[in-house]
$ cat run18.txt   # compact mmCIF, C-alpha atoms and all ligand atoms
# COMPACT_ATOMS: atom_id res chain seq x y z
CA MET A 1 -68.72 -38.70 11.38
CA MET A 2 -69.85 -35.27 10.34
CA LEU A 3 -67.82 -34.92 7.14
CA GLU A 4 -66.31 -37.70 5.10
CA LEU A 5 -64.20 -36.77 2.10
CA LYS A 6 -63.16 -39.56 -0.20
CA ASP A 7 -60.66 -39.54 -3.07
CA LEU A 8 -61.00 -35.88 -4.02
CA THR A 9 -59.13 -35.35 -7.28
CA VAL A 10 -59.00 -31.94 -8.97
CA ASN A 11 -57.21 -30.67 -12.08
CA TYR A 12 -56.83 -27.16 -13.43
CA LEU A 13 -56.84 -26.64 -17.16
CA THR A 14 -53.89 -24.40 -17.99
CA ASP A 15 -52.24 -23.37 -21.25
CA ARG A 16 -49.37 -25.71 -20.35
CA GLY A 17 -51.75 -28.65 -19.94
CA ARG A 18 -53.61 -30.23 -17.05
CA LEU A 19 -52.27 -29.22 -13.65
CA LYS A 20 -52.91 -32.00 -11.14
CA ALA A 21 -53.81 -30.01 -8.03
CA LEU A 22 -55.28 -32.76 -5.83
CA ASN A 23 -54.94 -36.53 -6.08
CA LYS A 24 -57.19 -38.84 -4.06
CA VAL A 25 -57.49 -36.73 -0.94
CA SER A 26 -59.50 -38.41 1.82
CA PHE A 27 -60.21 -37.55 5.43
CA SER A 28 -63.00 -37.45 7.93
CA LEU A 29 -63.91 -34.76 10.40
CA SER A 30 -66.08 -35.10 13.48
CA GLU A 31 -68.02 -32.49 15.41
CA GLY A 32 -65.83 -30.17 17.46
CA GLU A 33 -62.66 -31.44 15.85
CA ALA A 34 -59.89 -29.33 14.33
CA LEU A 35 -57.98 -30.77 11.40
CA GLY A 36 -54.77 -28.97 10.52
CA VAL A 37 -53.89 -29.12 6.83
CA VAL A 38 -50.20 -28.41 6.46
CA GLY A 39 -48.19 -28.07 3.27
CA GLU A 40 -45.91 -25.73 1.39
CA SER A 41 -47.18 -23.13 -1.05
CA GLY A 42 -48.70 -24.70 -4.17
CA SER A 43 -49.41 -28.06 -2.52
CA GLY A 44 -53.19 -27.74 -3.06
CA LYS A 45 -54.46 -26.51 0.31
CA THR A 46 -56.63 -23.69 -1.01
CA THR A 47 -57.98 -25.95 -3.76
CA LEU A 48 -59.10 -28.37 -1.05
CA GLY A 49 -60.98 -25.62 0.81
CA LEU A 50 -62.58 -24.23 -2.32
CA SER A 51 -63.69 -27.72 -3.36
CA LEU A 52 -65.62 -28.20 -0.11
CA MET A 53 -67.26 -24.79 -0.59
CA ARG A 54 -67.95 -25.66 -4.23
CA LEU A 55 -66.29 -22.42 -5.22
CA LEU A 56 -63.56 -23.75 -7.49
CA PRO A 57 -62.57 -21.46 -10.36
CA LYS A 58 -64.04 -22.11 -13.82
CA ASN A 59 -60.94 -23.82 -15.19
CA ALA A 60 -61.00 -26.46 -12.43
CA GLU A 61 -62.34 -29.95 -13.05
CA LEU A 62 -63.42 -32.18 -10.21
CA LEU A 63 -62.45 -35.56 -11.62
CA GLU A 64 -63.32 -37.77 -8.71
CA GLY A 65 -64.42 -37.55 -5.13
CA LYS A 66 -67.30 -37.74 -2.76
CA ALA A 67 -68.01 -35.52 0.23
CA ILE A 68 -70.66 -36.70 2.66
CA PHE A 69 -71.80 -34.11 5.19
CA ASN A 70 -74.21 -35.52 7.80
CA GLY A 71 -75.37 -38.12 5.31
CA LEU A 72 -75.78 -35.65 2.44
CA ASP A 73 -73.69 -36.07 -0.73
CA ILE A 74 -72.70 -32.42 -1.09
CA PHE A 75 -70.89 -32.68 -4.44
CA GLY A 76 -74.02 -34.34 -5.82
CA LEU A 77 -76.45 -31.58 -4.79
CA LEU A 78 -77.74 -29.11 -7.33
CA GLU A 79 -76.00 -25.74 -6.96
CA GLU A 80 -79.24 -24.11 -5.81
CA GLU A 81 -79.71 -26.68 -3.07
CA PHE A 82 -76.07 -26.48 -1.99
CA ARG A 83 -76.36 -22.71 -1.70
CA ARG A 84 -79.62 -22.92 0.22
CA LYS A 85 -78.55 -25.66 2.66
CA ILE A 86 -74.78 -25.92 2.96
CA ARG A 87 -72.59 -23.02 1.82
CA TRP A 88 -72.04 -20.55 4.71
CA LYS A 89 -74.81 -22.22 6.74
CA LYS A 90 -73.12 -25.53 7.44
CA ILE A 91 -69.67 -25.08 5.91
CA SER A 92 -68.05 -21.67 5.74
CA MET A 93 -64.60 -20.41 4.90
CA VAL A 94 -62.28 -17.59 5.80
CA PHE A 95 -60.49 -17.06 2.51
CA GLN A 96 -56.77 -16.60 2.24
CA GLY A 97 -56.07 -12.86 2.54
CA ALA A 98 -59.75 -12.09 3.31
CA MET A 99 -58.90 -9.46 5.92
CA ASN A 100 -57.36 -7.37 3.17
CA SER A 101 -60.38 -7.61 0.90
CA LEU A 102 -63.00 -6.15 3.23
CA ASN A 103 -64.99 -3.48 1.42
CA PRO A 104 -63.26 -0.17 2.30
CA VAL A 105 -66.37 2.01 2.00
CA ILE A 106 -68.85 -0.07 4.03
CA LYS A 107 -68.93 -0.12 7.82
CA VAL A 108 -67.64 -3.46 9.08
CA GLY A 109 -70.78 -4.12 11.14
CA HIS A 110 -72.88 -3.97 8.01
CA GLN A 111 -70.47 -6.33 6.25
CA VAL A 112 -70.84 -8.82 9.10
CA ALA A 113 -74.65 -8.48 9.01
CA GLU A 114 -74.93 -8.72 5.23
CA PRO A 115 -75.43 -12.52 4.96
CA LEU A 116 -78.32 -12.29 7.43
CA ILE A 117 -79.98 -9.60 5.35
CA GLU A 118 -79.21 -11.19 1.96
CA HIS A 119 -79.53 -14.93 2.67
CA GLU A 120 -81.90 -15.00 5.62
CA ASN A 121 -84.03 -11.97 4.81
CA LEU A 122 -83.74 -10.76 8.40
CA PRO A 123 -84.94 -7.19 9.00
CA LYS A 124 -81.98 -4.81 9.35
CA PRO A 125 -82.33 -4.04 13.09
CA GLU A 126 -82.39 -7.74 13.92
CA ALA A 127 -79.44 -8.44 11.61
CA TYR A 128 -77.46 -5.57 13.15
CA ARG A 129 -78.18 -6.83 16.65
CA ARG A 130 -76.90 -10.29 15.69
CA ALA A 131 -73.82 -8.72 14.06
CA GLU A 132 -73.04 -6.86 17.30
CA GLU A 133 -73.27 -10.12 19.19
CA ALA A 134 -70.97 -11.73 16.65
CA LEU A 135 -68.44 -8.94 17.18
CA GLU A 136 -68.46 -9.62 20.90
CA GLN A 137 -68.13 -13.32 20.25
CA VAL A 138 -64.85 -12.71 18.43
CA GLY A 139 -63.60 -10.46 21.22
CA LEU A 140 -64.34 -7.07 19.70
CA ASN A 141 -66.17 -4.14 21.24
CA ARG A 142 -69.67 -3.44 19.87
CA GLN A 143 -68.49 0.06 18.92
CA VAL A 144 -66.36 -1.53 16.20
CA PHE A 145 -69.62 -2.03 14.27
CA HIS A 146 -69.41 1.58 13.07
CA CYS A 147 -65.78 1.47 11.94
CA TYR A 148 -64.44 1.26 8.42
CA PRO A 149 -61.78 -1.38 7.71
CA HIS A 150 -58.92 1.17 7.52
CA GLU A 151 -59.62 2.21 11.11
CA LEU A 152 -58.85 -1.30 12.37
CA SER A 153 -55.61 -3.16 13.04
CA GLY A 154 -54.74 -6.38 11.22
CA GLY A 155 -55.76 -8.49 14.20
CA MET A 156 -59.12 -6.73 14.44
CA LYS A 157 -59.78 -7.17 10.72
CA GLN A 158 -58.99 -10.86 11.06
CA ARG A 159 -61.56 -11.06 13.86
CA ILE A 160 -64.09 -9.36 11.57
CA VAL A 161 -63.65 -11.95 8.81
CA ILE A 162 -63.97 -14.71 11.40
CA ALA A 163 -67.22 -13.12 12.61
CA MET A 164 -68.43 -13.08 8.98
CA ALA A 165 -67.68 -16.79 8.64
CA LEU A 166 -69.60 -17.51 11.86
CA ILE A 167 -72.66 -15.36 11.34
CA LEU A 168 -74.86 -18.12 9.87
CA SER A 169 -73.83 -20.59 12.64
CA PRO A 170 -71.97 -23.13 10.50
CA LYS A 171 -70.78 -26.49 11.81
CA ILE A 172 -67.48 -26.44 9.92
CA VAL A 173 -65.25 -23.43 9.30
CA ILE A 174 -62.38 -23.68 6.84
CA LEU A 175 -59.64 -21.20 7.73
CA ASP A 176 -57.15 -20.63 4.91
CA GLU A 177 -53.87 -19.26 6.31
CA PRO A 178 -55.83 -17.05 8.71
CA THR A 179 -52.84 -15.67 10.56
CA SER A 180 -50.03 -15.63 8.03
CA ALA A 181 -50.20 -11.84 7.56
CA LEU A 182 -50.11 -11.13 11.29
CA ASP A 183 -47.18 -10.77 13.64
CA VAL A 184 -46.52 -13.52 16.13
CA SER A 185 -48.23 -12.09 19.22
CA ILE A 186 -51.40 -11.23 17.30
CA GLN A 187 -51.26 -14.65 15.67
CA ALA A 188 -51.31 -16.21 19.15
CA GLN A 189 -54.35 -14.14 20.11
CA ILE A 190 -56.25 -15.31 17.03
CA ILE A 191 -55.34 -18.93 17.78
CA ASN A 192 -56.65 -18.50 21.32
CA LEU A 193 -59.86 -17.03 19.96
CA LEU A 194 -60.28 -20.01 17.63
CA LYS A 195 -59.73 -22.43 20.52
CA LYS A 196 -62.38 -20.60 22.55
CA LEU A 197 -64.89 -20.69 19.67
CA LYS A 198 -64.21 -24.36 19.05
CA TRP A 199 -64.93 -25.10 22.69
CA GLU A 200 -67.97 -22.84 23.09
CA LEU A 201 -69.70 -23.70 19.81
CA SER A 202 -68.42 -27.28 19.24
CA LEU A 203 -67.19 -25.95 15.94
CA SER A 204 -65.12 -28.05 13.61
CA PHE A 205 -62.19 -26.41 11.88
CA ILE A 206 -60.18 -27.19 8.83
CA PHE A 207 -57.16 -25.09 9.61
CA ILE A 208 -54.96 -24.54 6.56
CA THR A 209 -51.39 -23.38 7.07
CA HIS A 210 -47.83 -23.78 5.79
CA ASP A 211 -46.62 -23.72 9.41
CA ILE A 212 -46.69 -27.12 11.13
CA SER A 213 -45.92 -25.69 14.57
CA LEU A 214 -48.85 -23.30 14.28
CA ALA A 215 -51.11 -26.14 13.17
CA SER A 216 -50.03 -28.25 16.12
CA ASP A 217 -51.23 -25.57 18.51
CA ILE A 218 -54.87 -25.82 17.49
CA SER A 219 -55.33 -29.15 15.70
CA ASP A 220 -56.57 -32.43 17.09
CA ARG A 221 -55.34 -34.12 13.94
CA ILE A 222 -52.88 -33.07 11.28
CA ALA A 223 -52.89 -33.83 7.57
CA VAL A 224 -49.58 -33.23 5.82
CA VAL A 225 -50.01 -32.35 2.17
CA TYR A 226 -47.35 -32.71 -0.50
CA ALA A 227 -47.92 -32.09 -4.20
CA GLY A 228 -51.70 -32.44 -3.97
CA GLU A 229 -51.76 -35.52 -1.75
CA ILE A 230 -52.22 -36.18 1.93
CA VAL A 231 -48.98 -38.04 2.56
CA GLU A 232 -49.62 -38.49 6.28
CA ILE A 233 -52.59 -37.95 8.57
CA GLY A 234 -53.10 -38.77 12.22
CA PRO A 235 -53.53 -37.38 15.73
CA SER A 236 -51.36 -34.25 16.09
CA GLU A 237 -49.25 -35.72 18.87
CA ASP A 238 -48.39 -38.82 16.87
CA VAL A 239 -47.63 -36.93 13.66
CA LEU A 240 -45.41 -34.46 15.53
CA LEU A 241 -43.62 -36.81 17.91
CA ASN A 242 -43.49 -39.86 15.75
CA PRO A 243 -43.69 -38.82 12.09
CA LYS A 244 -43.76 -41.64 9.59
CA HIS A 245 -43.55 -40.12 6.12
CA PRO A 246 -40.08 -38.91 5.02
CA TYR A 247 -41.57 -35.54 4.04
CA THR A 248 -43.16 -35.03 7.46
CA LYS A 249 -39.82 -35.89 9.07
CA GLU A 250 -38.04 -33.28 6.96
CA LEU A 251 -40.75 -30.73 7.65
CA LEU A 252 -40.28 -31.18 11.39
CA GLU A 253 -36.48 -31.02 11.04
CA SER A 254 -36.86 -27.64 9.38
CA ILE A 255 -38.49 -26.02 12.42
CA PRO A 256 -35.98 -23.82 14.23
CA ARG A 257 -35.42 -24.85 17.83
CA ILE A 258 -33.83 -22.27 20.02
CA THR A 259 -32.62 -24.78 22.58
CA LEU A 260 -30.60 -26.87 20.15
CA ASP A 261 -27.08 -25.97 19.01
CA LYS A 262 -28.03 -26.87 15.49
CA LEU A 263 -29.33 -24.90 12.58
CA PRO A 264 -32.63 -26.10 11.15
CA SER A 265 -32.18 -28.14 8.01
CA PHE A 266 -33.84 -27.26 4.75
CA ILE A 267 -35.62 -29.69 2.54
CA ALA A 268 -33.38 -30.21 -0.49
CA GLY A 269 -34.79 -29.68 -3.95
CA SER A 270 -37.97 -27.86 -4.93
CA PRO A 271 -41.65 -28.76 -5.13
CA PRO A 272 -42.62 -30.50 -8.36
CA ASP A 273 -44.17 -29.00 -11.46
CA MET A 274 -47.75 -30.19 -11.10
CA VAL A 275 -48.37 -30.15 -14.85
CA ASP A 276 -45.67 -32.81 -15.22
CA PRO A 277 -45.13 -34.31 -11.76
CA PRO A 278 -42.54 -37.04 -11.09
CA LYS A 279 -43.69 -40.58 -11.90
CA GLY A 280 -44.27 -42.98 -9.04
CA CYS A 281 -44.04 -41.19 -5.70
CA LYS A 282 -44.09 -37.44 -6.32
CA PHE A 283 -41.65 -36.95 -3.45
CA HIS A 284 -39.02 -39.34 -4.85
CA PRO A 285 -36.62 -36.69 -6.26
CA ARG A 286 -36.31 -35.19 -2.74
CA CYS A 287 -36.68 -38.29 -0.61
CA PRO A 288 -33.67 -39.43 1.43
CA GLU A 289 -35.20 -42.92 1.72
CA VAL A 290 -36.13 -43.47 -1.93
CA MET A 291 -36.31 -47.10 -3.16
CA ASP A 292 -36.64 -48.67 -6.62
CA ILE A 293 -40.40 -49.01 -6.50
CA CYS A 294 -40.79 -45.28 -5.72
CA TYR A 295 -39.65 -44.34 -9.25
CA ARG A 296 -42.26 -46.54 -10.87
CA GLU A 297 -45.41 -46.84 -8.80
CA GLU A 298 -47.60 -44.35 -6.99
CA PRO A 299 -47.57 -45.31 -3.30
CA LYS A 300 -50.74 -46.60 -1.68
CA ASP A 301 -52.05 -45.58 1.72
CA PHE A 302 -50.83 -47.70 4.62
CA THR A 303 -51.92 -47.65 8.25
CA VAL A 304 -48.97 -47.34 10.62
CA SER A 305 -49.87 -47.13 14.32
CA LYS A 306 -52.32 -44.20 14.50
CA GLN A 307 -51.32 -42.66 11.19
CA ARG A 308 -52.27 -43.21 7.58
CA VAL A 309 -49.18 -42.84 5.41
CA ARG A 310 -48.85 -42.76 1.62
CA CYS A 311 -45.36 -44.24 1.30
CA TRP A 312 -43.85 -47.53 0.08
CA LEU A 313 -41.66 -47.81 3.19
CA TYR A 314 -44.69 -49.19 5.01
CA ASN A 315 -45.59 -51.83 2.44
CA ASP A 316 -45.25 -55.29 3.98
N1 LIG A 401 -57.17 -21.07 -11.08
C1 LIG A 401 -56.06 -21.79 -11.25
N2 LIG A 401 -55.65 -22.12 -12.50
C2 LIG A 401 -54.54 -22.86 -12.69
N3 LIG A 401 -53.75 -23.33 -11.70
C3 LIG A 401 -54.11 -23.03 -10.45
C4 LIG A 401 -55.28 -22.25 -10.14
N4 LIG A 401 -55.37 -22.12 -8.81
C5 LIG A 401 -54.32 -22.79 -8.29
N5 LIG A 401 -53.55 -23.34 -9.27
C6 LIG A 401 -52.37 -24.19 -9.09
O1 LIG A 401 -52.79 -25.35 -8.37
C7 LIG A 401 -51.79 -25.74 -7.43
C8 LIG A 401 -52.40 -25.75 -6.04
O2 LIG A 401 -52.71 -24.41 -5.70
P1 LIG A 401 -53.35 -24.01 -4.31
O3 LIG A 401 -54.49 -24.90 -4.02
O4 LIG A 401 -53.60 -22.55 -4.33
O5 LIG A 401 -52.14 -24.36 -3.30
P2 LIG A 401 -51.80 -23.77 -1.85
O6 LIG A 401 -53.04 -23.16 -1.30
O7 LIG A 401 -51.33 -24.97 -1.09
O8 LIG A 401 -50.70 -22.78 -2.05
C9 LIG A 401 -50.63 -24.76 -7.62
O9 LIG A 401 -49.70 -25.35 -8.48
C10 LIG A 401 -51.29 -23.56 -8.25
O10 LIG A 401 -50.38 -22.85 -9.04
S1 LIG A 402 -42.75 -43.77 -1.41
FE1 LIG A 402 -40.53 -43.84 -1.63
S2 LIG A 402 -39.93 -41.83 -2.45
FE2 LIG A 402 -42.00 -41.68 -1.65
S3 LIG A 402 -41.74 -40.93 0.41
FE3 LIG A 402 -41.87 -43.16 0.55
S4 LIG A 402 -39.75 -43.86 0.43
FE4 LIG A 402 -39.76 -41.72 -0.24
MG MG A 403 -53.35 -21.25 -0.57
$ encode --input "run18.txt" --output "structure tokens"
Amino acid sequence: MMLELKDLTVNYLTDRGRLKALNKVSFSLSEGEALGVVGESGSGKTTLGLSLMRLLPKNAELLEGKAIFNGLDIFGLLEEEFRRKIRWKKISMVFQGAMNSLNPVIKVGHQVAEPLIEHENLPKPEAYRRAEEALEQVGLNRQVFHCYPHELSGGMKQRIVIAMALILSPKIVILDEPTSALDVSIQAQIINLLKKLKWELSLSFIFITHDISLASDISDRIAVVYAGEIVEIGPSEDVLLNPKHPYTKELLESIPRITLDKLPSFIAGSPPDMVDPPKGCKFHPRCPEVMDICYREEPKDFTVSKQRVRCWLYND
């Protein structure tokens, strides 16, 4: 296994108290595998990505958790060592909204080449040549090198930030809502590009999205996140066709289906306040299958066919 994350638990210190952003999040990722991380806004998806990049904001505290990348305990490394060996080189990230934070006054080709010049001390001509290759790799014309961000469409800018994430040849790329600002046809093109890169480079992806149908298109496995916890994880097909957790079931019910004479349902209630989350199972106030134990005790993880599910329904 290339990456093994175990029991990641992260709080944010806020003026209202401790906000419990992630609670015992575990998964593994193998080479060439795409893991879709699906959850509504505020469920902790970005926090998960930033944790793996060790770029959490100052007010975050990593309470618990171990991340083993190819045998290396990456949360245990000194910052200097992590920067030298792992960040961008082995694990990189396309940040949420990154395509809108490209530097407006620097040519995009230079922005793509920058890590090679800064981190790798490559001479400029060599770095620029590699940046041109990277542009082609993400399906852009070499001429785009000389453009400024405002001269490019949304889809092209998204390709630029993907090229930036790839420039140091990482093994894992975390993509945080990479297509949510794009219209549907462009979104499909970006997904196709990601599939091609995954195939050509045996890249692993952690694909973060609020859209479970989008995740299903690219992911080998899907992790469903609710209130800072992976409530269900398993092969995409199994999670989609045979969901086990009540939240996953509701999430799938809420997808519009044009062939059915039925309006999509909406998940009743609202996501919890993570400073003061519900006791027991955090989903209990919204769960149609709630039982007595759910009010009192945090559910454990259970294995149900090919899925791992954090729900008392599967306690035997
Ligand atoms: N720097 C921060 N300080 C305090 N709370 C934060 C900070 N960043 C995120 N949060 C809170 O942590 C929770 C998880 O946020 P986030 O990881 O961004 O979720 P997602 O990406 O799924 O929308 C949310 O309740 C959010 O408001
Ligand atoms: S543990 Fe209980 S409340 Fe939580 S999802 Fe399962 S049945 Fe519903
Ligand atoms: Mg986010």
$ residues_near_ligand --input "run18.txt" --ligand "ligand LIG 401 (chain A)" --cutoff "8 Å" --atoms "only C-alpha atoms and all ligand atoms" --output "VMD selection string"
chain A and resid 11 to 14 19 to 22 39 to 48 56 to 60 176 210 227 to 228 273 to 274
$ residues_around --input "run18.txt" --residues "range 141-156 of chain A" --least-positions-apart "4" --cutoff "12 Å" --atoms "all atoms listed in the file" --output "short mmCIF file (atom, residue, chain, number, x, y, z; two decimals) with C-alpha atoms, in the frame of the given file"
data_model
loop_
_atom_site.label_atom_id
_atom_site.label_comp_id
_atom_site.auth_asym_id
_atom_site.auth_seq_id
_atom_site.Cartn_x
_atom_site.Cartn_y
_atom_site.Cartn_z
CA GLY A 97 -56.07 -12.86 2.54
CA ALA A 98 -59.75 -12.09 3.31
CA MET A 99 -58.90 -9.46 5.92
CA ASN A 100 -57.36 -7.37 3.17
CA SER A 101 -60.38 -7.61 0.90
CA LEU A 102 -63.00 -6.15 3.23
CA ASN A 103 -64.99 -3.48 1.42
CA PRO A 104 -63.26 -0.17 2.30
CA VAL A 105 -66.37 2.01 2.00
CA ILE A 106 -68.85 -0.07 4.03
CA LYS A 107 -68.93 -0.12 7.82
CA VAL A 108 -67.64 -3.46 9.08
CA GLY A 109 -70.78 -4.12 11.14
CA HIS A 110 -72.88 -3.97 8.01
CA GLN A 111 -70.47 -6.33 6.25
CA VAL A 112 -70.84 -8.82 9.10
CA ALA A 113 -74.65 -8.48 9.01
CA TYR A 128 -77.46 -5.57 13.15
CA ARG A 129 -78.18 -6.83 16.65
CA ARG A 130 -76.90 -10.29 15.69
CA ALA A 131 -73.82 -8.72 14.06
CA GLU A 132 -73.04 -6.86 17.30
CA GLU A 133 -73.27 -10.12 19.19
CA ALA A 134 -70.97 -11.73 16.65
CA LEU A 135 -68.44 -8.94 17.18
CA GLU A 136 -68.46 -9.62 20.90
CA GLN A 137 -68.13 -13.32 20.25
CA ILE A 160 -64.09 -9.36 11.57
CA VAL A 161 -63.65 -11.95 8.81
CA ILE A 162 -63.97 -14.71 11.40
CA ALA A 163 -67.22 -13.12 12.61
CA PRO A 178 -55.83 -17.05 8.71
CA THR A 179 -52.84 -15.67 10.56
CA SER A 180 -50.03 -15.63 8.03
CA ALA A 181 -50.20 -11.84 7.56
CA LEU A 182 -50.11 -11.13 11.29
CA ASP A 183 -47.18 -10.77 13.64
CA VAL A 184 -46.52 -13.52 16.13
CA SER A 185 -48.23 -12.09 19.22
CA ILE A 186 -51.40 -11.23 17.30
CA GLN A 187 -51.26 -14.65 15.67
CA ALA A 188 -51.31 -16.21 19.15
CA GLN A 189 -54.35 -14.14 20.11
CA ILE A 190 -56.25 -15.31 17.03
CA ILE A 191 -55.34 -18.93 17.78
CA LEU A 193 -59.86 -17.03 19.96
#
$ closest_residue --input "run18.txt" --among "A:Ser26, A:Gln158, A:Thr248, A:Ser236" --to "ligand LIG 402 (chain A)" --atoms "all atoms listed in the file"
A:Thr248
$ residues_near_ligand --input "run18.txt" --ligand "ligand LIG 402 (chain A)" --cutoff "12 Å" --atoms "all atoms listed in the file" --output "VMD selection string"
chain A and resid 226 to 227 229 to 232 244 to 250 278 to 302 309 to 315
$ closest_residue --input "run18.txt" --among "A:Glu177, A:Glu118, A:Glu253, A:Glu79" --to "ligand MG 403 (chain A)" --atoms "all atoms listed in the file"
A:Glu177
$ closest_residue --input "run18.txt" --among "A:Ser213, A:Ser204, A:Asn70, A:Ser169" --to "Leu29 in chain A" --atoms "all atoms listed in the file"
A:Ser204
